[in-house]
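*Asks:* This is data_20.cif (mmCIF, C-alpha atoms).
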```cif
data_upload
#
loop_
_atom_site.group_PDB
_atom_site.id
_atom_site.type_symbol
_atom_site.label_atom_id
_atom_site.label_comp_id
_atom_site.auth_asym_id
_atom_site.auth_seq_id
_atom_site.Cartn_x
_atom_site.Cartn_y
_atom_site.Cartn_z
ATOM 1 C CA ASP Z 1 95.472 91.747 120.591
ATOM 2 C CA ALA Z 2 95.137 87.968 120.900
ATOM 3 C CA GLU Z 3 98.602 87.601 119.407
ATOM 4 C CA LEU Z 4 100.166 89.828 122.080
ATOM 5 C CA SER Z 5 98.348 87.932 124.829
ATOM 6 C CA ALA Z 6 99.669 84.658 123.397
ATOM 7 C CA VAL Z 7 103.265 85.906 123.555
ATOM 8 C CA ALA Z 8 102.741 87.179 127.112
ATOM 9 C CA ALA Z 9 101.351 83.781 128.112
ATOM 10 C CA ALA Z 10 104.323 82.005 126.521
ATOM 11 C CA ILE Z 11 106.780 84.105 128.538
ATOM 12 C CA SER Z 12 104.714 83.710 131.709
ATOM 13 C CA ALA Z 13 104.812 79.935 131.253
ATOM 14 C CA GLN Z 14 108.579 80.127 131.802
ATOM 15 C CA GLY Z 15 108.076 81.285 135.387
ATOM 16 C CA PHE Z 16 107.254 84.986 135.033
ATOM 17 C CA ASP Z 17 104.181 87.151 135.440
ATOM 18 C CA VAL Z 18 104.025 89.069 132.157
ATOM 19 C CA VAL Z 19 100.971 90.851 130.767
ATOM 20 C CA PRO Z 20 100.251 92.749 127.526
ATOM 21 C CA GLY Z 21 100.112 96.544 127.592
ATOM 22 C CA GLU Z 22 99.684 99.554 125.335
ATOM 23 C CA ARG Z 23 101.318 99.890 121.911
ATOM 24 C CA GLY Z 24 102.427 96.252 121.806
ATOM 25 C CA GLY Z 25 104.426 96.371 125.026
ATOM 26 C CA LEU Z 26 104.793 93.529 127.542
ATOM 27 C CA TYR Z 27 105.071 94.320 131.243
ATOM 28 C CA PHE Z 28 105.628 92.583 134.551
ATOM 29 C CA GLY Z 29 102.207 91.724 135.962
ATOM 30 C CA PRO Z 30 100.657 92.643 139.326
ATOM 31 C CA SER Z 31 102.100 89.656 141.202
ATOM 32 C CA SER Z 32 105.674 90.612 140.287
ATOM 33 C CA PRO Z 33 107.835 92.727 142.629
ATOM 34 C CA HIS Z 34 108.588 94.771 139.492
ATOM 35 C CA ALA Z 35 104.933 95.206 138.474
ATOM 36 C CA GLY Z 36 104.399 97.710 135.676
ATOM 37 C CA LYS Z 37 107.960 97.658 134.382
ATOM 38 C CA LYS Z 38 108.417 96.953 130.679
ATOM 39 C CA VAL Z 39 110.176 93.773 129.552
ATOM 40 C CA SER Z 40 109.440 93.836 125.829
ATOM 41 C CA GLY Z 41 108.685 96.259 123.025
ATOM 42 C CA THR Z 42 107.310 95.171 119.667
ATOM 43 C CA ALA Z 43 106.835 96.256 116.095
ATOM 44 C CA ARG Z 44 103.977 94.396 114.470
ATOM 45 C CA ARG Z 45 102.618 94.056 110.977
ATOM 46 C CA PHE Z 46 98.966 93.135 110.726
ATOM 47 C CA GLY Z 47 97.689 91.136 107.771
ATOM 48 C CA ALA Z 48 94.187 89.916 106.993
ATOM 49 C CA ARG Z 49 94.719 86.628 108.851
ATOM 50 C CA ARG Z 50 98.175 86.861 110.388
ATOM 51 C CA VAL Z 51 100.322 89.122 112.550
ATOM 52 C CA LEU Z 52 104.085 89.407 112.158
ATOM 53 C CA HIS Z 53 105.344 89.912 115.709
ATOM 54 C CA HIS Z 54 108.842 91.381 115.943
ATOM 55 C CA GLY Z 55 109.901 92.053 119.504
ATOM 56 C CA THR Z 56 112.814 92.449 121.868
ATOM 57 C CA ILE Z 57 112.718 90.774 125.281
ATOM 58 C CA LEU Z 58 114.919 92.165 128.035
ATOM 59 C CA VAL Z 59 116.560 89.151 129.643
ATOM 60 C CA ASP Z 60 119.821 90.430 131.128
ATOM 61 C CA ALA Z 61 120.479 93.692 129.285
ATOM 62 C CA ASP Z 62 122.939 96.376 130.369
ATOM 63 C CA MET Z 63 120.525 99.051 131.588
ATOM 64 C CA SER Z 64 123.044 101.896 131.333
ATOM 65 C CA ILE Z 65 123.550 101.198 127.624
ATOM 66 C CA LEU Z 66 119.806 100.756 127.122
ATOM 67 C CA HIS Z 67 119.115 104.092 128.811
ATOM 68 C CA ALA Z 68 121.681 105.850 126.624
ATOM 69 C CA SER Z 69 120.187 104.406 123.434
ATOM 70 C CA LEU Z 70 116.607 105.272 124.396
ATOM 71 C CA HIS Z 71 117.360 108.848 125.437
ATOM 72 C CA GLY Z 72 118.878 110.205 122.267
ATOM 73 C CA MET Z 73 118.460 113.589 120.640
ATOM 74 C CA GLU Z 74 115.164 115.430 120.649
ATOM 75 C CA THR Z 75 113.426 115.794 117.274
ATOM 76 C CA PHE Z 76 110.441 117.815 116.105
ATOM 77 C CA ASP Z 77 108.510 118.741 112.974
ATOM 78 C CA ASP Z 78 108.370 115.106 111.926
ATOM 79 C CA ALA Z 79 105.846 112.316 111.476
ATOM 80 C CA SER Z 80 107.219 109.990 114.150
ATOM 81 C CA LEU Z 81 105.030 108.542 116.881
ATOM 82 C CA PRO Z 82 105.948 109.631 120.408
ATOM 83 C CA SER Z 83 107.365 106.850 122.550
ATOM 84 C CA VAL Z 84 105.321 105.416 125.385
ATOM 85 C CA SER Z 85 107.161 106.309 128.570
ATOM 86 C CA ALA Z 86 107.999 103.200 130.600
ATOM 87 C CA VAL Z 87 110.507 101.909 133.125
ATOM 88 C CA PRO Z 88 112.373 98.914 131.628
ATOM 89 C CA ALA Z 89 113.353 95.808 133.564
ATOM 90 C CA ASN Z 90 115.115 92.521 132.840
ATOM 91 C CA LEU Z 91 113.414 89.171 133.269
ATOM 92 C CA SER Z 92 116.504 88.205 135.266
ATOM 93 C CA ALA Z 93 115.362 90.708 137.912
ATOM 94 C CA THR Z 94 112.852 88.102 139.091
ATOM 95 C CA LYS Z 95 114.598 84.917 137.992
ATOM 96 C CA LYS Z 96 118.374 84.965 138.348
ATOM 97 C CA GLY Z 97 120.432 82.921 135.933
ATOM 98 C CA ILE Z 98 117.714 82.651 133.288
ATOM 99 C CA SER Z 99 119.250 81.233 130.128
ATOM 100 C CA MET Z 100 118.529 82.892 126.806
ATOM 101 C CA ASP Z 101 118.482 79.495 125.109
ATOM 102 C CA ALA Z 102 116.124 78.008 127.687
ATOM 103 C CA LEU Z 103 113.769 80.966 127.392
ATOM 104 C CA ARG Z 104 113.768 80.748 123.603
ATOM 105 C CA GLU Z 105 113.068 77.014 123.658
ATOM 106 C CA GLY Z 106 110.304 77.397 126.228
ATOM 107 C CA ILE Z 107 108.544 80.126 124.255
ATOM 108 C CA SER Z 108 108.767 78.092 121.041
ATOM 109 C CA LEU Z 109 107.372 74.972 122.696
ATOM 110 C CA HIS Z 110 104.516 76.936 124.253
ATOM 111 C CA LEU Z 111 103.542 78.752 121.053
ATOM 112 C CA ALA Z 112 104.273 76.165 118.373
ATOM 113 C CA GLY Z 113 104.706 72.877 120.204
ATOM 114 C CA ILE Z 114 108.139 72.366 118.636
ATOM 115 C CA PRO Z 115 111.701 73.386 119.617
ATOM 116 C CA THR Z 116 113.533 76.138 117.779
ATOM 117 C CA ALA Z 117 115.454 75.217 114.622
ATOM 118 C CA PRO Z 118 117.407 77.072 111.927
ATOM 119 C CA LEU Z 119 115.287 78.185 108.990
ATOM 120 C CA PRO Z 120 115.959 75.878 106.017
ATOM 121 C CA THR Z 121 117.846 77.699 103.272
ATOM 122 C CA SER Z 122 115.549 76.090 100.721
ATOM 123 C CA ILE Z 123 112.511 77.930 102.091
ATOM 124 C CA ALA Z 124 113.216 81.103 100.115
ATOM 125 C CA ASP Z 125 114.380 81.956 96.617
ATOM 126 C CA ARG Z 126 118.047 82.981 96.912
ATOM 127 C CA SER Z 127 117.707 85.515 94.092
ATOM 128 C CA LEU Z 128 114.887 87.253 95.992
ATOM 129 C CA LEU Z 129 116.988 87.364 99.153
ATOM 130 C CA ASP Z 130 119.953 88.805 97.255
ATOM 131 C CA ALA Z 131 117.755 91.447 95.620
ATOM 132 C CA GLU Z 132 116.311 92.434 99.004
ATOM 133 C CA ARG Z 133 119.781 92.603 100.547
ATOM 134 C CA ARG Z 134 120.923 94.961 97.790
ATOM 135 C CA ARG Z 135 117.841 97.133 98.244
ATOM 136 C CA LEU Z 136 118.285 97.430 102.004
ATOM 137 C CA SER Z 137 122.005 98.187 101.572
ATOM 138 C CA SER Z 138 121.463 100.956 99.037
ATOM 139 C CA SER Z 139 121.864 104.651 99.820
ATOM 140 C CA GLU Z 140 118.332 105.186 98.537
ATOM 141 C CA TRP Z 141 116.967 103.002 101.342
ATOM 142 C CA ILE Z 142 119.377 104.082 104.085
ATOM 143 C CA TRP Z 143 119.186 107.826 103.418
ATOM 144 C CA GLU Z 144 116.630 108.954 100.843
ATOM 145 C CA THR Z 145 113.614 107.175 102.330
ATOM 146 C CA THR Z 146 114.252 108.680 105.780
ATOM 147 C CA PRO Z 147 111.255 110.888 106.686
ATOM 148 C CA PRO Z 148 112.163 114.579 107.170
ATOM 149 C CA PHE Z 149 112.794 115.848 110.696
ATOM 150 C CA SER Z 150 114.402 118.684 112.633
ATOM 151 C CA VAL Z 151 116.704 118.681 115.666
ATOM 152 C CA PRO Z 152 117.416 121.628 117.978
ATOM 153 C CA LEU Z 153 120.985 122.906 118.196
ATOM 154 C CA GLY Z 154 122.589 124.743 121.105
ATOM 155 C CA SER Z 155 123.901 123.826 124.528
ATOM 156 C CA GLU Z 156 121.706 125.202 127.319
ATOM 157 C CA SER Z 157 118.801 126.773 125.417
ATOM 158 C CA PRO Z 158 118.584 125.874 121.700
ATOM 159 C CA THR Z 159 118.964 128.898 119.413
ATOM 160 C CA ALA Z 160 118.764 127.128 116.065
ATOM 161 C CA ALA Z 161 117.563 123.917 114.497
ATOM 162 C CA LEU Z 162 118.917 121.577 111.885
ATOM 163 C CA ARG Z 163 116.575 120.433 109.131
ATOM 164 C CA VAL Z 164 117.210 116.967 107.694
ATOM 165 C CA GLU Z 165 115.513 115.771 104.507
ATOM 166 C CA LYS Z 166 116.080 112.430 102.797
ATOM 167 C CA GLY Z 167 118.753 111.696 105.381
ATOM 168 C CA ARG Z 168 120.812 114.739 104.424
ATOM 169 C CA ILE Z 169 121.308 118.151 106.003
ATOM 170 C CA ALA Z 170 119.021 120.614 104.224
ATOM 171 C CA ALA Z 171 119.183 123.817 106.281
ATOM 172 C CA LEU Z 172 120.050 125.528 109.528
ATOM 173 C CA ILE Z 173 117.034 127.436 110.834
ATOM 174 C CA GLY Z 174 117.038 130.270 113.380
ATOM 175 C CA GLU Z 175 114.817 130.230 116.460
ATOM 176 C CA ASN Z 176 112.158 132.380 114.734
ATOM 177 C CA GLY Z 177 112.069 130.190 111.642
ATOM 178 C CA PHE Z 178 114.454 132.366 109.617
ATOM 179 C CA GLN Z 179 117.970 131.482 108.589
ATOM 180 C CA ALA Z 180 120.236 131.965 111.613
ATOM 181 C CA SER Z 181 122.499 134.936 110.917
ATOM 182 C CA ARG Z 182 125.963 134.383 112.382
ATOM 183 C CA ALA Z 183 125.547 130.661 112.916
ATOM 184 C CA GLU Z 184 124.189 130.362 109.380
ATOM 185 C CA SER Z 185 127.285 132.054 107.988
ATOM 186 C CA ASP Z 186 129.537 129.633 109.850
ATOM 187 C CA PHE Z 187 127.282 126.790 108.789
ATOM 188 C CA ARG Z 188 127.526 127.569 105.081
ATOM 189 C CA GLN Z 189 131.283 128.047 105.279
ATOM 190 C CA SER Z 190 131.610 124.652 106.949
ATOM 191 C CA GLU Z 191 130.169 122.897 103.879
ATOM 192 C CA TYR Z 192 127.749 120.786 105.919
ATOM 193 C CA LEU Z 193 124.846 121.361 103.542
ATOM 194 C CA GLY Z 194 123.997 118.168 101.694
ATOM 195 C CA ARG Z 195 126.038 115.904 103.953
ATOM 196 C CA SER Z 196 124.552 112.704 105.334
ATOM 197 C CA PHE Z 197 123.219 113.205 108.847
ATOM 198 C CA SER Z 198 124.917 111.312 111.682
ATOM 199 C CA ILE Z 199 125.481 111.657 115.418
ATOM 200 C CA SER Z 200 129.039 112.887 114.878
ATOM 201 C CA VAL Z 201 127.896 115.546 112.386
ATOM 202 C CA TYR Z 202 125.136 116.581 114.801
ATOM 203 C CA GLU Z 203 127.682 117.026 117.614
ATOM 204 C CA GLU Z 204 130.002 119.042 115.363
ATOM 205 C CA LEU Z 205 127.178 121.389 114.359
ATOM 206 C CA ASN Z 206 126.103 121.722 117.974
ATOM 207 C CA ALA Z 207 129.607 123.012 118.717
ATOM 208 C CA ILE Z 208 129.475 125.468 115.783
ATOM 209 C CA VAL Z 209 126.148 126.919 116.945
ATOM 210 C CA ALA Z 210 127.339 127.143 120.561
ATOM 211 C CA GLU Z 211 130.514 128.972 119.509
ATOM 212 C CA ALA Z 212 128.540 131.365 117.277
ATOM 213 C CA GLY Z 213 126.246 132.061 120.218
ATOM 214 C CA ARG Z 214 129.189 132.863 122.480
ATOM 215 C CA ARG Z 215 130.671 135.271 119.918
ATOM 216 C CA THR Z 216 127.297 136.983 119.520
ATOM 217 C CA GLU Z 217 127.030 137.489 123.283
ATOM 218 C CA GLU Z 218 130.531 138.987 123.369
ATOM 219 C CA THR Z 219 129.552 141.651 120.833
ATOM 220 C CA LEU Z 220 126.401 142.703 122.697
#
```
Would you mind writing the structure in this file as structure tokens?

*Replies:*
Amino acid sequence: DAELSAVAAAISAQGFDVVPGERGGLYFGPSSPHAGKKVSGTARRFGARRVLHHGTILVDADMSILHASLHGMETFDDASLPSVSAVPANLSATKKGISMDALREGISLHLAGIPTAPLPTSIADRSLLDAERRRLSSSEWIWETTPPFSVPLGSESPTAALRVEKGRIAALIGENGFQASRAESDFRQSEYLGRSFSISVYEELNAIVAEAGRRTEETL
């Protein structure tokens, strides 16, 4: 993790105490009044001799929006890695008025010895960039390469689950693993099967399952 330590040192050189932590995270160090709080998360790609470090540094983020984005819907029956629980904090919590530009320049000078600069357009083959843009904009990439997952449906206590495969709704499953009876009937009539999964579709189906549950209770 020499690469992660180097990034932590570069941020610390700008007047912060930042140390590397688990799963590529960066945290306020022991001398900080916010010790242990997370200031950066990373996604890294390790090569034989190099590491591609892709990270987000919290400088002056809106914590209410951040909290909402990090506490989304629960999923299960998937291959995702569980998140490392952490309390986030902005660098501005210990250094008011920190400039994004100044921080970026300072990190660049510490790591590379040169200021930041736009990447020359001549550095890459335009045809390769265009081909990659088309690939990443295609429905095959956006939807069909999405790993399968399930999300629980229901208001208070989930009574069904939605199965999503290749980014599309594949089935509504009852709490015992069988097709949900009344909710399944409503589900099939609603023509949701095969539709692309989205937050709005998830909320609509949540309402369908909740209503089916209420009608079932009324008949008992």

*Asks:* Report, in Å to a single decimal, how far apart CA of Glu165 (chain Z) and CA of Ser139 (chain Z) are.

*Replies:*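 One can read the CA of Ser139 (chain Z) to CA of Glu165 (chain Z) distance as 13.6 Å.
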
*Asks:* Which residues, named as in the file, does the PyMOL selection byres ((chain Z and resi 87) around 8) pick out? Answer as a PyMOL selection string.

*Replies:* chain Z and resi 36-38+85-86+88-89

*Asks:* Evaluate the PyMOL selection byres ((chain Z and resi 76) around 7) and record the selected residues as a PDB file with C-alpha atoms, keeping the file's coordinate frame, following the chain and residue labels used in the document.

*Replies:*
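Full text of out_33.pdb as output:
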```pdb
ATOM      1  CA  GLU Z  74     115.164 115.430 120.649  1.00  0.00           C
ATOM      2  CA  THR Z  75     113.426 115.794 117.274  1.00  0.00           C
ATOM      3  CA  ASP Z  77     108.510 118.741 112.974  1.00  0.00           C
ATOM      4  CA  ASP Z  78     108.370 115.106 111.926  1.00  0.00           C
ATOM      5  CA  PHE Z 149     112.794 115.848 110.696  1.00  0.00           C
ATOM      6  CA  SER Z 150     114.402 118.684 112.633  1.00  0.00           C
ATOM      7  CA  VAL Z 151     116.704 118.681 115.666  1.00  0.00           C
TER       8      VAL Z 151
END
```

*Asks:* With only C-alpha atoms as the basis for distance, which of Z:Ala79, Z:Val19, Z:Ala160, Z:Leu52 is at the shortest distance from Ile208 (chain Z)?

*Replies:*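 Closest to Ile208 (chain Z) of all the choices is Z:Ala160.
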
*Asks:* By how many Å are CA of Ile57 (chain Z) and CA of Arg44 (chain Z) apart?

*Replies:* 14.4 Å

*Asks:* Which residues come within 10 Å of Val59 (chain Z), counting all atoms listed in the file, excluding same-chain residues fewer than 2 positions away, as a tab-separated table (two decimals) with C-alpha atoms, keeping the file's coordinate frame?

*Replies:*
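result07.tsv, freshly written:
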```
chain	number	residue	atom	x	y	z
Z	39	VAL	CA	110.18	93.77	129.55
Z	40	SER	CA	109.44	93.84	125.83
Z	56	THR	CA	112.81	92.45	121.87
Z	57	ILE	CA	112.72	90.77	125.28
Z	61	ALA	CA	120.48	93.69	129.28
Z	62	ASP	CA	122.94	96.38	130.37
Z	89	ALA	CA	113.35	95.81	133.56
Z	90	ASN	CA	115.12	92.52	132.84
Z	91	LEU	CA	113.41	89.17	133.27
Z	92	SER	CA	116.50	88.20	135.27
Z	93	ALA	CA	115.36	90.71	137.91
Z	95	LYS	CA	114.60	84.92	137.99
Z	96	LYS	CA	118.37	84.96	138.35
Z	97	GLY	CA	120.43	82.92	135.93
Z	98	ILE	CA	117.71	82.65	133.29
Z	99	SER	CA	119.25	81.23	130.13
Z	100	MET	CA	118.53	82.89	126.81
Z	103	LEU	CA	113.77	80.97	127.39
```

*Asks:* Smallest atom-to-atom distance to Leu193 (chain Z): which of Z:Ile169, Z:Gly154, Z:Ala43, Z:Ala212, using only C-alpha atoms?

*Replies:* Z:Ile169

*Asks:* I'd like to know which of Z:Val84, Z:Ala117, Z:Leu70, Z:Leu205 is closest to Asp101 (chain Z), using only C-alpha atoms.

*Replies:*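 Checking each candidate against Asp101 (chain Z), we get Z:Ala117 as the closest.
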
*Asks:* Using the chain letters and residue numbers of this document, give as a list of chain:residue names the residues selected by the PyMOL selection byres ((chain Z and resi 6) around 12).

*Replies:*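 When the PyMOL selection byres ((chain Z and resi 6) around 12) is applied, the selected residues are Z:Asp1, Z:Ala2, Z:Glu3, Z:Leu4, Z:Ser5, Z:Val7, Z:Ala8, Z:Ala9, Z:Ala10, Z:Ile11, Z:Ser12, Z:Ala13, Z:Val18, Z:Val19, Z:Pro20, Z:Leu26, Z:Val51, Z:His53, Z:Ile107, Z:Ser108, Z:His110, Z:Leu111, Z:Ala112.
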
*Asks:* To one decimal place in Å, what is the distance between CA of Arg168 (chain Z) and CA of Met73 (chain Z)?

*Replies:*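 Straight-line distance from CA of Arg168 (chain Z) to CA of Met73 (chain Z) works out to 16.4 Å.
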
*Asks:* Can you pull out the residues contacting Lys166 (chain Z)? Cut-off 8 Å, using all atoms listed in the file, and skip same-chain residues under 3 positions away; I want them as an NGL selection string.

*Replies:* :Z and (143-148)
